[in-house]
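Peer 1: Let me begin by handing over the structure; questions about it come next.
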Amino acid sequence: LEVARQELAGHIEVIRKKERRLAAIHEVSAVVSESLDLSQTLDQVLDKVLQVTGADAGMIFLSREKTRQLELAAHRGLSDACVEAIAILTIGEGFNGKVAATGQPMVIADVSCEAIPHAKEVESEGITSQVIVPLRSKDRIIGTLCAATRSQREFSREEMELLTAIGSQVGVAIENARLYREVRLSEANYRDLFENASAAMYIHDLAGTIIAANNAFSRLTGYERDELIGSSVMKLRSPATSSGIQEIEDRLLRGELVEQPHETCLVRKDGTECIVSLSTRVVHEDGQPRGFEHVATDVTAQKRMRESVDFYLRQIITAQEEERKRISRELHDETAQSMLLISQRLDSLATDSKMNLPPEAAQYLAEVRGIALRALADMRRLTQDLRPRILDDLGLVA
């Protein structure tokens, strides 16, 4: 019975140790899942580590892959001088550097047994033993977790295994916090670009409710941003072009290619219309379309200028045509008739028997008449080139 009692007590102690280990891991898991703020997470993790291990000091180093260095990201139980001394370590050097390089946990019973960088600063803290485990994420070593004590005790294998399990959880939490920070930074950068872009931009959901608008769009429409957010996009669309925008949005939702940008009219707050060049894209969230983002460029002045240029160009062409018609009519009705009369008079002189002209003179007059007839033919051709009479008689088609 005594042997059985001792075996049972041993089993109970093992179970209690496992329970304590699971409880500690659960507490750390709860900590790392509470917040995505990296500094806050690391501080809370260190507090839990010191609590479950009874350590006097703790450190978390994060690796800098580009420089192959370790940066002290969180600490407990250390003086300012020590923190300043070990703020940056080289991977591969010292206890933490070796763990970061090899990925193997390490228990140091006596820190004074080895020459390490900044040994004096560490010894001045009264630290005697340490346990250091790697922080892992996706098979990468992203840092180290260190618990240290000032008493003459050695960390057990169970404590090392516990910290190793905690290190794996902390590594994932650090990676998530970094990704969260990158996403927040990207969102902040996009928001800054969106709000301060020179082009007018606005976003509305599938129901047509405006959910975002930048300063440029506010200036373009004359509405304050607070007036735009939550209002219907239909109040900004001209009835003449509203159906065209709706058709483009429907085609984009069907995945069809749409020629971009396209011109449309927007109605300002004062009721006036402005012509904009609009580029539209579908906004997705979780793989599903949630709305549309529009980028509008005011082309009202350019459109009016093009219309003015077209009007003046038509006026110039009309004036040119009228002038060509006048010149053609004068050549046909006056100059050509005079040339015809000259050729007839020359013909009469050359053939009139009463004139008794010498043969040489008659031949000469006939040659001059031929020149006049050729000039008359050239003039008629020039008249046709300037303004064919058929245009006025039968129209352009004929």
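Ordering of the structure tokens sets the chain letters (A, B, ...); residue numbers start at 1 within each chain; ligands are numbered from 1 in the order shown.
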Excluding stretch 52-56 of chain A and its own-chain neighbours fewer than 6 positions away, which residues fall within 8 Å of it when counting only C-alpha atoms? Please give them as an NGL selection string.
Peer 2: :A and (24 or 77 or 147-150 or 159)
Peer 1: Write out as a short mmCIF file (atom, residue, chain, number, x, y, z; two decimals) with C-alpha atoms, in the first residue's frame the residues lying within 10 Å of A:Val172, counting only C-alpha atoms and excluding same-chain residues fewer than 6 positions away.
Peer 2:
data_model
loop_
_atom_site.label_atom_id
_atom_site.label_comp_id
_atom_site.auth_asym_id
_atom_site.auth_seq_id
_atom_site.Cartn_x
_atom_site.Cartn_y
_atom_site.Cartn_z
CA VAL A 32 -1.77 36.84 -27.03
CA LEU A 135 10.40 32.31 -30.81
CA ARG A 136 9.22 30.53 -33.94
CA SER A 137 6.79 31.41 -36.69
CA LYS A 138 6.41 29.38 -39.89
CA ILE A 142 12.01 35.56 -35.14
CA ARG A 178 3.40 42.47 -37.38
#
Peer 1: Counting only C-alpha atoms, what is within 12 Å of stretch 238-245 of chain A, bar same-chain residues fewer than 3 positions away, as a short mmCIF file (atom, residue, chain, number, x, y, z; two decimals) with N, CA, C and O atoms, in the first residue's frame?
Peer 2:
data_model
loop_
_atom_site.label_atom_id
_atom_site.label_comp_id
_atom_site.auth_asym_id
_atom_site.auth_seq_id
_atom_site.Cartn_x
_atom_site.Cartn_y
_atom_site.Cartn_z
N GLY A 208 -26.03 52.23 -53.63
CA GLY A 208 -25.87 53.61 -54.07
C GLY A 208 -25.65 54.60 -52.94
O GLY A 208 -25.69 55.81 -53.18
N VAL A 233 -26.09 58.42 -54.08
CA VAL A 233 -25.28 58.90 -55.19
C VAL A 233 -26.16 59.45 -56.30
O VAL A 233 -25.69 60.21 -57.16
N MET A 234 -27.46 59.12 -56.28
CA MET A 234 -28.35 59.54 -57.35
C MET A 234 -28.53 61.05 -57.37
O MET A 234 -28.81 61.63 -58.43
N LYS A 235 -28.37 61.70 -56.22
CA LYS A 235 -28.55 63.16 -56.21
C LYS A 235 -27.41 63.87 -56.93
O LYS A 235 -27.51 65.05 -57.25
N ILE A 248 -22.69 50.77 -66.96
CA ILE A 248 -21.27 50.44 -66.78
C ILE A 248 -21.06 49.66 -65.49
O ILE A 248 -20.31 48.67 -65.45
N GLU A 249 -21.72 50.06 -64.41
CA GLU A 249 -21.59 49.32 -63.15
C GLU A 249 -22.12 47.90 -63.28
O GLU A 249 -21.50 46.95 -62.76
N ASP A 250 -23.24 47.73 -63.97
CA ASP A 250 -23.78 46.38 -64.17
C ASP A 250 -22.82 45.52 -64.97
O ASP A 250 -22.62 44.33 -64.67
N ARG A 251 -22.19 46.08 -65.99
CA ARG A 251 -21.24 45.32 -66.80
C ARG A 251 -20.01 44.94 -65.99
O ARG A 251 -19.48 43.84 -66.13
N LEU A 252 -19.56 45.85 -65.13
CA LEU A 252 -18.41 45.53 -64.28
C LEU A 252 -18.74 44.40 -63.31
O LEU A 252 -17.90 43.53 -63.05
N VAL A 258 -14.87 47.09 -69.75
CA VAL A 258 -15.51 48.38 -69.99
C VAL A 258 -14.44 49.39 -70.36
O VAL A 258 -13.38 49.45 -69.72
N GLN A 260 -12.50 52.54 -70.27
CA GLN A 260 -12.32 53.54 -69.23
C GLN A 260 -11.29 54.57 -69.69
O GLN A 260 -10.36 54.23 -70.42
N PRO A 261 -11.40 55.84 -69.28
CA PRO A 261 -12.53 56.42 -68.54
C PRO A 261 -13.68 56.75 -69.48
O PRO A 261 -13.55 56.68 -70.70
N HIS A 262 -14.80 57.14 -68.91
CA HIS A 262 -15.98 57.52 -69.68
C HIS A 262 -16.48 58.86 -69.17
O HIS A 262 -16.29 59.20 -67.99
N GLU A 263 -17.10 59.63 -70.06
CA GLU A 263 -17.58 60.96 -69.67
C GLU A 263 -19.02 60.90 -69.18
O GLU A 263 -19.84 60.14 -69.70
N THR A 264 -19.28 61.68 -68.13
CA THR A 264 -20.62 61.76 -67.59
C THR A 264 -20.80 63.13 -66.95
O THR A 264 -19.85 63.92 -66.86
N CYS A 265 -22.02 63.41 -66.50
CA CYS A 265 -22.32 64.69 -65.87
C CYS A 265 -22.68 64.48 -64.41
O CYS A 265 -23.41 63.55 -64.06
N LEU A 266 -22.15 65.35 -63.56
CA LEU A 266 -22.50 65.36 -62.14
C LEU A 266 -23.20 66.68 -61.81
O LEU A 266 -22.87 67.72 -62.39
N VAL A 267 -24.13 66.59 -60.89
CA VAL A 267 -24.88 67.78 -60.47
C VAL A 267 -24.28 68.30 -59.17
O VAL A 267 -24.22 67.59 -58.17
N ARG A 268 -23.84 69.56 -59.19
CA ARG A 268 -23.28 70.18 -57.99
C ARG A 268 -24.38 70.58 -57.01
O ARG A 268 -25.57 70.51 -57.34
N GLY A 271 -26.80 73.18 -58.14
CA GLY A 271 -27.67 72.82 -59.25
C GLY A 271 -27.00 72.84 -60.61
O GLY A 271 -27.59 72.36 -61.59
N THR A 272 -25.80 73.39 -60.71
CA THR A 272 -25.10 73.40 -61.99
C THR A 272 -24.51 72.02 -62.27
O THR A 272 -24.28 71.22 -61.36
N GLU A 273 -24.27 71.76 -63.54
CA GLU A 273 -23.71 70.48 -63.95
C GLU A 273 -22.25 70.65 -64.34
O GLU A 273 -21.86 71.69 -64.89
N CYS A 274 -21.47 69.64 -64.04
CA CYS A 274 -20.07 69.62 -64.48
C CYS A 274 -19.83 68.32 -65.22
O CYS A 274 -20.40 67.27 -64.90
N ILE A 275 -19.01 68.40 -66.23
CA ILE A 275 -18.67 67.23 -67.04
C ILE A 275 -17.39 66.62 -66.47
O ILE A 275 -16.40 67.32 -66.26
N VAL A 276 -17.41 65.32 -66.18
CA VAL A 276 -16.25 64.66 -65.58
C VAL A 276 -15.87 63.45 -66.42
O VAL A 276 -16.70 62.82 -67.07
N SER A 277 -14.57 63.16 -66.38
CA SER A 277 -14.05 61.91 -66.95
C SER A 277 -13.97 60.92 -65.80
O SER A 277 -13.21 61.13 -64.85
N LEU A 278 -14.74 59.84 -65.86
CA LEU A 278 -14.95 58.95 -64.72
C LEU A 278 -14.32 57.58 -64.99
O LEU A 278 -14.54 56.98 -66.03
N SER A 279 -13.52 57.11 -64.01
CA SER A 279 -12.99 55.75 -64.02
C SER A 279 -13.63 55.00 -62.86
O SER A 279 -13.65 55.50 -61.73
N THR A 280 -14.13 53.81 -63.12
CA THR A 280 -14.90 53.06 -62.14
C THR A 280 -14.32 51.66 -61.96
O THR A 280 -13.92 51.02 -62.93
N ARG A 281 -14.25 51.22 -60.71
CA ARG A 281 -13.83 49.84 -60.43
C ARG A 281 -14.70 49.27 -59.32
O ARG A 281 -15.25 50.02 -58.50
N PHE A 292 -18.60 50.38 -55.43
CA PHE A 292 -17.83 50.90 -56.56
C PHE A 292 -17.00 52.09 -56.09
O PHE A 292 -17.46 52.90 -55.29
N HIS A 294 -15.05 55.38 -57.64
CA HIS A 294 -15.00 56.23 -58.82
C HIS A 294 -13.91 57.28 -58.66
O HIS A 294 -13.74 57.86 -57.58
#
Peer 1: Measuring between only C-alpha atoms, which one of A:Gln337, A:Asp385, A:Leu394, A:Thr297 shows the shortest distance to A:Ala197?
Peer 2: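 For A:Ala197, the nearest of the given residues is A:Thr297.
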Peer 1: Kindly give the distance, in Å, that separates atom CA of A:Asp298 and atom CA of A:Ala199, rounded to a single decimal.
Peer 2: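 Separation between atom CA of A:Asp298 and atom CA of A:Ala199: 8.6 Å.
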Peer 1: Using only C-alpha atoms, which residue out of A:Ala296, A:Glu321, A:Gly291, A:Gln152 lies closest to A:Ser218?
Peer 2: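 Using only C-alpha atoms, the shortest distance to A:Ser218 belongs to A:Ala296.
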Peer 1: Pull the strand (DSSP E or B) assignments for stretch 231-384 of chain A out of DSSP run on the backbone, and list those residues as a VMD selection string.
Peer 2: chain A and resid 232 237 262 to 267 273 to 285 288 to 298
Peer 1: Looking only at helix (DSSP H, G or I) from DSSP on the backbone, list the matching residues of stretch 181-222 of chain A as a PDB file with N, CA, C and O atoms, in the first residue's frame.
Peer 2:
ATOM      1  N   ARG A 181       0.035  45.256 -37.971  1.00  0.00           N
ATOM      2  CA  ARG A 181       0.641  46.582 -38.058  1.00  0.00           C
ATOM      3  C   ARG A 181       0.865  46.985 -39.508  1.00  0.00           C
ATOM      4  O   ARG A 181       0.643  48.138 -39.890  1.00  0.00           O
ATOM      5  N   GLU A 182       1.296  46.018 -40.341  1.00  0.00           N
ATOM      6  CA  GLU A 182       1.497  46.322 -41.760  1.00  0.00           C
ATOM      7  C   GLU A 182       0.179  46.663 -42.441  1.00  0.00           C
ATOM      8  O   GLU A 182       0.118  47.583 -43.272  1.00  0.00           O
ATOM      9  N   VAL A 183      -0.867  45.917 -42.081  1.00  0.00           N
ATOM     10  CA  VAL A 183      -2.187  46.199 -42.667  1.00  0.00           C
ATOM     11  C   VAL A 183      -2.665  47.583 -42.239  1.00  0.00           C
ATOM     12  O   VAL A 183      -3.178  48.363 -43.057  1.00  0.00           O
ATOM     13  N   ARG A 184      -2.491  47.891 -40.930  1.00  0.00           N
ATOM     14  CA  ARG A 184      -2.904  49.208 -40.449  1.00  0.00           C
ATOM     15  C   ARG A 184      -2.110  50.311 -41.132  1.00  0.00           C
ATOM     16  O   ARG A 184      -2.662  51.372 -41.481  1.00  0.00           O
ATOM     17  N   LEU A 185      -0.814  50.068 -41.333  1.00  0.00           N
ATOM     18  CA  LEU A 185       0.019  51.059 -42.009  1.00  0.00           C
ATOM     19  C   LEU A 185      -0.430  51.238 -43.451  1.00  0.00           C
ATOM     20  O   LEU A 185      -0.512  52.369 -43.956  1.00  0.00           O
ATOM     21  N   SER A 186      -0.725  50.106 -44.120  1.00  0.00           N
ATOM     22  CA  SER A 186      -1.195  50.189 -45.500  1.00  0.00           C
ATOM     23  C   SER A 186      -2.525  50.930 -45.576  1.00  0.00           C
ATOM     24  O   SER A 186      -2.747  51.754 -46.466  1.00  0.00           O
ATOM     25  N   GLU A 187      -3.416  50.625 -44.616  1.00  0.00           N
ATOM     26  CA  GLU A 187      -4.708  51.319 -44.591  1.00  0.00           C
ATOM     27  C   GLU A 187      -4.520  52.813 -44.351  1.00  0.00           C
ATOM     28  O   GLU A 187      -5.193  53.638 -44.979  1.00  0.00           O
ATOM     29  N   ALA A 188      -3.598  53.141 -43.443  1.00  0.00           N
ATOM     30  CA  ALA A 188      -3.355  54.559 -43.164  1.00  0.00           C
ATOM     31  C   ALA A 188      -2.777  55.264 -44.380  1.00  0.00           C
ATOM     32  O   ALA A 188      -3.177  56.389 -44.710  1.00  0.00           O
ATOM     33  N   ASN A 189      -1.848  54.583 -45.066  1.00  0.00           N
ATOM     34  CA  ASN A 189      -1.265  55.178 -46.271  1.00  0.00           C
ATOM     35  C   ASN A 189      -2.321  55.352 -47.352  1.00  0.00           C
ATOM     36  O   ASN A 189      -2.372  56.385 -48.036  1.00  0.00           O
ATOM     37  N   TYR A 190      -3.170  54.315 -47.532  1.00  0.00           N
ATOM     38  CA  TYR A 190      -4.224  54.414 -48.549  1.00  0.00           C
ATOM     39  C   TYR A 190      -5.201  55.525 -48.196  1.00  0.00           C
ATOM     40  O   TYR A 190      -5.626  56.293 -49.065  1.00  0.00           O
ATOM     41  N   ARG A 191      -5.542  55.610 -46.899  1.00  0.00           N
ATOM     42  CA  ARG A 191      -6.489  56.649 -46.471  1.00  0.00           C
ATOM     43  C   ARG A 191      -5.905  58.037 -46.715  1.00  0.00           C
ATOM     44  O   ARG A 191      -6.597  58.952 -47.164  1.00  0.00           O
ATOM     45  N   ASP A 192      -4.602  58.164 -46.442  1.00  0.00           N
ATOM     46  CA  ASP A 192      -3.955  59.457 -46.663  1.00  0.00           C
ATOM     47  C   ASP A 192      -3.929  59.793 -48.145  1.00  0.00           C
ATOM     48  O   ASP A 192      -4.213  60.936 -48.544  1.00  0.00           O
ATOM     49  N   LEU A 193      -3.591  58.802 -48.966  1.00  0.00           N
ATOM     50  CA  LEU A 193      -3.584  59.028 -50.413  1.00  0.00           C
ATOM     51  C   LEU A 193      -4.988  59.344 -50.919  1.00  0.00           C
ATOM     52  O   LEU A 193      -5.175  60.218 -51.771  1.00  0.00           O
ATOM     53  N   PHE A 194      -5.980  58.617 -50.390  1.00  0.00           N
ATOM     54  CA  PHE A 194      -7.364  58.806 -50.821  1.00  0.00           C
ATOM     55  C   PHE A 194      -7.851  60.206 -50.468  1.00  0.00           C
ATOM     56  O   PHE A 194      -8.406  60.919 -51.310  1.00  0.00           O
ATOM     57  N   GLU A 195      -7.618  60.612 -49.224  1.00  0.00           N
ATOM     58  CA  GLU A 195      -8.163  61.893 -48.768  1.00  0.00           C
ATOM     59  C   GLU A 195      -7.454  63.081 -49.394  1.00  0.00           C
ATOM     60  O   GLU A 195      -8.070  64.117 -49.618  1.00  0.00           O
ATOM     61  N   ASN A 196      -6.154  62.942 -49.686  1.00  0.00           N
ATOM     62  CA  ASN A 196      -5.386  64.084 -50.187  1.00  0.00           C
ATOM     63  C   ASN A 196      -5.079  64.002 -51.675  1.00  0.00           C
ATOM     64  O   ASN A 196      -4.265  64.780 -52.178  1.00  0.00           O
ATOM     65  N   ASN A 215     -11.405  65.018 -50.201  1.00  0.00           N
ATOM     66  CA  ASN A 215     -11.548  66.478 -50.203  1.00  0.00           C
ATOM     67  C   ASN A 215     -11.754  67.028 -51.607  1.00  0.00           C
ATOM     68  O   ASN A 215     -12.506  67.986 -51.807  1.00  0.00           O
ATOM     69  N   ALA A 216     -11.077  66.434 -52.588  1.00  0.00           N
ATOM     70  CA  ALA A 216     -11.201  66.909 -53.966  1.00  0.00           C
ATOM     71  C   ALA A 216     -12.625  66.727 -54.477  1.00  0.00           C
ATOM     72  O   ALA A 216     -13.152  67.580 -55.203  1.00  0.00           O
ATOM     73  N   PHE A 217     -13.268  65.621 -54.105  1.00  0.00           N
ATOM     74  CA  PHE A 217     -14.651  65.397 -54.537  1.00  0.00           C
ATOM     75  C   PHE A 217     -15.584  66.380 -53.854  1.00  0.00           C
ATOM     76  O   PHE A 217     -16.570  66.833 -54.445  1.00  0.00           O
ATOM     77  N   SER A 218     -15.274  66.711 -52.603  1.00  0.00           N
ATOM     78  CA  SER A 218     -16.085  67.704 -51.899  1.00  0.00           C
ATOM     79  C   SER A 218     -15.992  69.059 -52.596  1.00  0.00           C
ATOM     80  O   SER A 218     -17.004  69.748 -52.772  1.00  0.00           O
ATOM     81  N   ARG A 219     -14.781  69.435 -53.004  1.00  0.00           N
ATOM     82  CA  ARG A 219     -14.625  70.712 -53.719  1.00  0.00           C
ATOM     83  C   ARG A 219     -15.313  70.672 -55.073  1.00  0.00           C
ATOM     84  O   ARG A 219     -15.886  71.678 -55.517  1.00  0.00           O
ATOM     85  N   LEU A 220     -15.268  69.530 -55.738  1.00  0.00           N
ATOM     86  CA  LEU A 220     -15.879  69.418 -57.065  1.00  0.00           C
ATOM     87  C   LEU A 220     -17.388  69.572 -57.008  1.00  0.00           C
ATOM     88  O   LEU A 220     -17.983  70.270 -57.843  1.00  0.00           O
ATOM     89  N   THR A 221     -18.020  68.950 -56.020  1.00  0.00           N
ATOM     90  CA  THR A 221     -19.487  68.949 -55.957  1.00  0.00           C
ATOM     91  C   THR A 221     -20.048  70.102 -55.132  1.00  0.00           C
ATOM     92  O   THR A 221     -21.234  70.411 -55.249  1.00  0.00           O
TER      93      THR A 221
END
Peer 1: Tell me which protein, DNA and RNA residues are within 8 Å of A:Pro134, counting only C-alpha atoms, leaving out same-chain ones fewer than 4 positions away, and put them as a PyMOL selection string.
Peer 2: chain A and resi 99-100+103-105+141-145+164+167-168
Peer 1: Pick the closest to A:Leu331 from A:Arg345, A:Ile371, A:Leu382, A:Lys354: which is it, counting only C-alpha atoms?
Peer 2: A:Leu382
Peer 1: Using atom CA of A:Met379 and atom CA of A:Asp333 as the two end points, give the distance in Å to one decimal.
Peer 2: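 Computed distance, atom CA of A:Met379 to atom CA of A:Asp333, equals 11.3 Å.
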Peer 1: From the set A:Asp270, A:Glu256, A:Glu2, A:Leu346, which residue has the shortest atom-to-atom contact distance to A:Ala361, counting only C-alpha atoms?
Peer 2: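 Among A:Asp270, A:Glu256, A:Glu2, A:Leu346, it is A:Leu346 that comes nearest to A:Ala361.
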Peer 1: Name the residues in contact with A:Val111 at a cut-off of 8 Å, using only C-alpha atoms, excluding same-chain residues fewer than 5 positions from it; report them as a PyMOL selection string.
Peer 2: chain A and resi 123+127-130
Peer 1: Restricting it to N, CA, C and O atoms, dump the selection as a PDB file, in the first residue's frame.
Peer 2:
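Okay, again-v2.pdb is ready:
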ATOM      1  N   GLU A 123      26.075  40.493 -15.033  1.00  0.00           N
ATOM      2  CA  GLU A 123      26.488  40.071 -13.704  1.00  0.00           C
ATOM      3  C   GLU A 123      26.153  41.129 -12.657  1.00  0.00           C
ATOM      4  O   GLU A 123      25.842  40.807 -11.499  1.00  0.00           O
ATOM      5  N   ILE A 127      22.192  38.332 -11.770  1.00  0.00           N
ATOM      6  CA  ILE A 127      21.576  37.186 -12.435  1.00  0.00           C
ATOM      7  C   ILE A 127      22.543  36.009 -12.402  1.00  0.00           C
ATOM      8  O   ILE A 127      23.720  36.128 -12.753  1.00  0.00           O
ATOM      9  N   THR A 128      22.042  34.840 -12.009  1.00  0.00           N
ATOM     10  CA  THR A 128      22.892  33.651 -11.912  1.00  0.00           C
ATOM     11  C   THR A 128      22.573  32.600 -12.963  1.00  0.00           C
ATOM     12  O   THR A 128      23.466  31.987 -13.525  1.00  0.00           O
ATOM     13  N   SER A 129      21.301  32.385 -13.229  1.00  0.00           N
ATOM     14  CA  SER A 129      20.913  31.353 -14.199  1.00  0.00           C
ATOM     15  C   SER A 129      19.840  31.883 -15.135  1.00  0.00           C
ATOM     16  O   SER A 129      19.097  32.803 -14.790  1.00  0.00           O
ATOM     17  N   GLN A 130      19.776  31.269 -16.326  1.00  0.00           N
ATOM     18  CA  GLN A 130      18.818  31.700 -17.353  1.00  0.00           C
ATOM     19  C   GLN A 130      18.290  30.478 -18.093  1.00  0.00           C
ATOM     20  O   GLN A 130      18.950  29.429 -18.162  1.00  0.00           O
TER      21      GLN A 130
END
Peer 1: Write out as a list in words each polymer residue whose atoms come within 8 Å of A:Ile86, counting only C-alpha atoms; drop sequence neighbours fewer than 3 positions from it.
Peer 2: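 In the requested format, the answer is Leu72, Cys82, Val83, Leu89 and His118 of chain A.
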Peer 1: I need the chosen residues saved as a PDB file, in the first residue's frame, with N, CA, C and O atoms.
Peer 2:
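The file below, selection-v1.pdb, is the result:
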ATOM      1  N   LEU A  72      16.122  44.264 -28.257  1.00  0.00           N
ATOM      2  CA  LEU A  72      15.364  44.052 -27.029  1.00  0.00           C
ATOM      3  C   LEU A  72      14.010  44.741 -27.167  1.00  0.00           C
ATOM      4  O   LEU A  72      13.914  45.966 -27.169  1.00  0.00           O
ATOM      5  N   CYS A  82      21.522  48.237 -17.733  1.00  0.00           N
ATOM      6  CA  CYS A  82      21.591  46.916 -18.369  1.00  0.00           C
ATOM      7  C   CYS A  82      20.778  46.888 -19.652  1.00  0.00           C
ATOM      8  O   CYS A  82      21.200  46.328 -20.667  1.00  0.00           O
ATOM      9  N   VAL A  83      19.592  47.500 -19.604  1.00  0.00           N
ATOM     10  CA  VAL A  83      18.746  47.549 -20.806  1.00  0.00           C
ATOM     11  C   VAL A  83      19.454  48.270 -21.937  1.00  0.00           C
ATOM     12  O   VAL A  83      19.438  47.826 -23.096  1.00  0.00           O
ATOM     13  N   LEU A  89      21.853  43.085 -29.822  1.00  0.00           N
ATOM     14  CA  LEU A  89      22.801  41.983 -29.797  1.00  0.00           C
ATOM     15  C   LEU A  89      22.986  41.440 -31.200  1.00  0.00           C
ATOM     16  O   LEU A  89      22.104  41.584 -32.056  1.00  0.00           O
ATOM     17  N   HIS A 118      28.738  41.944 -23.033  1.00  0.00           N
ATOM     18  CA  HIS A 118      28.030  42.670 -21.972  1.00  0.00           C
ATOM     19  C   HIS A 118      27.882  41.813 -20.717  1.00  0.00           C
ATOM     20  O   HIS A 118      26.888  41.909 -19.987  1.00  0.00           O
TER      21      HIS A 118
END
Peer 1: Would you work out the distance separating atom CA of A:Gly126 from atom CA of A:Asp80, expressed in Å to one decimal?
Peer 2: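 Result for atom CA of A:Gly126 versus atom CA of A:Asp80: 14.4 Å, one decimal.
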Peer 1: Can you tell me, as a list in words, what residues are no more than 12 Å from A:Ala375 when counting only C-alpha atoms, ignoring any on the same chain fewer than 5 positions away?
Peer 2: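 The filter keeps Leu331, Thr335, Ala336, Gln337, Ser338, Met339, Leu340, Ile342, Ser343, Val368, Arg369, Gly370, Arg380, Arg381 and Leu382 of chain A.
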Peer 1: Okay, now the selection with N, CA and C atoms, as a tab-separated table (two decimals), in the first residue's frame?
Peer 2:
chain	number	residue	atom	x	y	z
A	331	LEU	N	-16.47	83.62	-111.43
A	331	LEU	CA	-15.69	83.09	-112.57
A	331	LEU	C	-16.61	82.52	-113.64
A	335	THR	N	-16.33	86.09	-115.68
A	335	THR	CA	-15.05	85.89	-116.37
A	335	THR	C	-15.18	84.88	-117.48
A	336	ALA	N	-15.86	83.76	-117.23
A	336	ALA	CA	-16.00	82.73	-118.27
A	336	ALA	C	-16.81	83.26	-119.45
A	337	GLN	N	-17.84	84.04	-119.17
A	337	GLN	CA	-18.63	84.61	-120.27
A	337	GLN	C	-17.81	85.59	-121.09
A	338	SER	N	-16.97	86.35	-120.41
A	338	SER	CA	-16.10	87.28	-121.14
A	338	SER	C	-15.12	86.52	-122.02
A	339	MET	N	-14.54	85.45	-121.48
A	339	MET	CA	-13.62	84.64	-122.28
A	339	MET	C	-14.33	84.01	-123.48
A	340	LEU	N	-15.57	83.58	-123.26
A	340	LEU	CA	-16.35	82.99	-124.36
A	340	LEU	C	-16.63	84.04	-125.44
A	342	ILE	N	-14.79	86.69	-126.05
A	342	ILE	CA	-13.51	86.97	-126.73
A	342	ILE	C	-13.24	85.92	-127.79
A	343	SER	N	-13.45	84.64	-127.44
A	343	SER	CA	-13.18	83.58	-128.42
A	343	SER	C	-14.12	83.69	-129.62
A	368	VAL	N	-4.84	82.31	-131.52
A	368	VAL	CA	-5.20	83.06	-130.31
A	368	VAL	C	-6.56	82.60	-129.78
A	369	ARG	N	-7.49	82.33	-130.72
A	369	ARG	CA	-8.81	81.82	-130.32
A	369	ARG	C	-8.68	80.47	-129.61
A	370	GLY	N	-7.78	79.64	-130.12
A	370	GLY	CA	-7.57	78.34	-129.47
A	370	GLY	C	-7.04	78.49	-128.05
A	380	ARG	N	-13.27	76.85	-116.39
A	380	ARG	CA	-14.44	76.07	-116.00
A	380	ARG	C	-14.05	74.91	-115.06
A	381	ARG	N	-12.87	74.30	-115.36
A	381	ARG	CA	-12.41	73.22	-114.46
A	381	ARG	C	-12.11	73.77	-113.07
A	382	LEU	N	-11.47	74.97	-113.04
A	382	LEU	CA	-11.18	75.61	-111.76
A	382	LEU	C	-12.48	75.94	-111.02
Peer 1: Using only C-alpha atoms, which of A:Ser79, A:Leu349, A:Ala377, A:Arg324 sits nearest A:Leu365?
Peer 2: A:Leu349
Peer 1: Taking into account only C-alpha atoms, which residue in the set A:Val309, A:Ile229, A:Leu62, A:Leu253 is nearest to A:Gln288?
Peer 2: A:Leu253
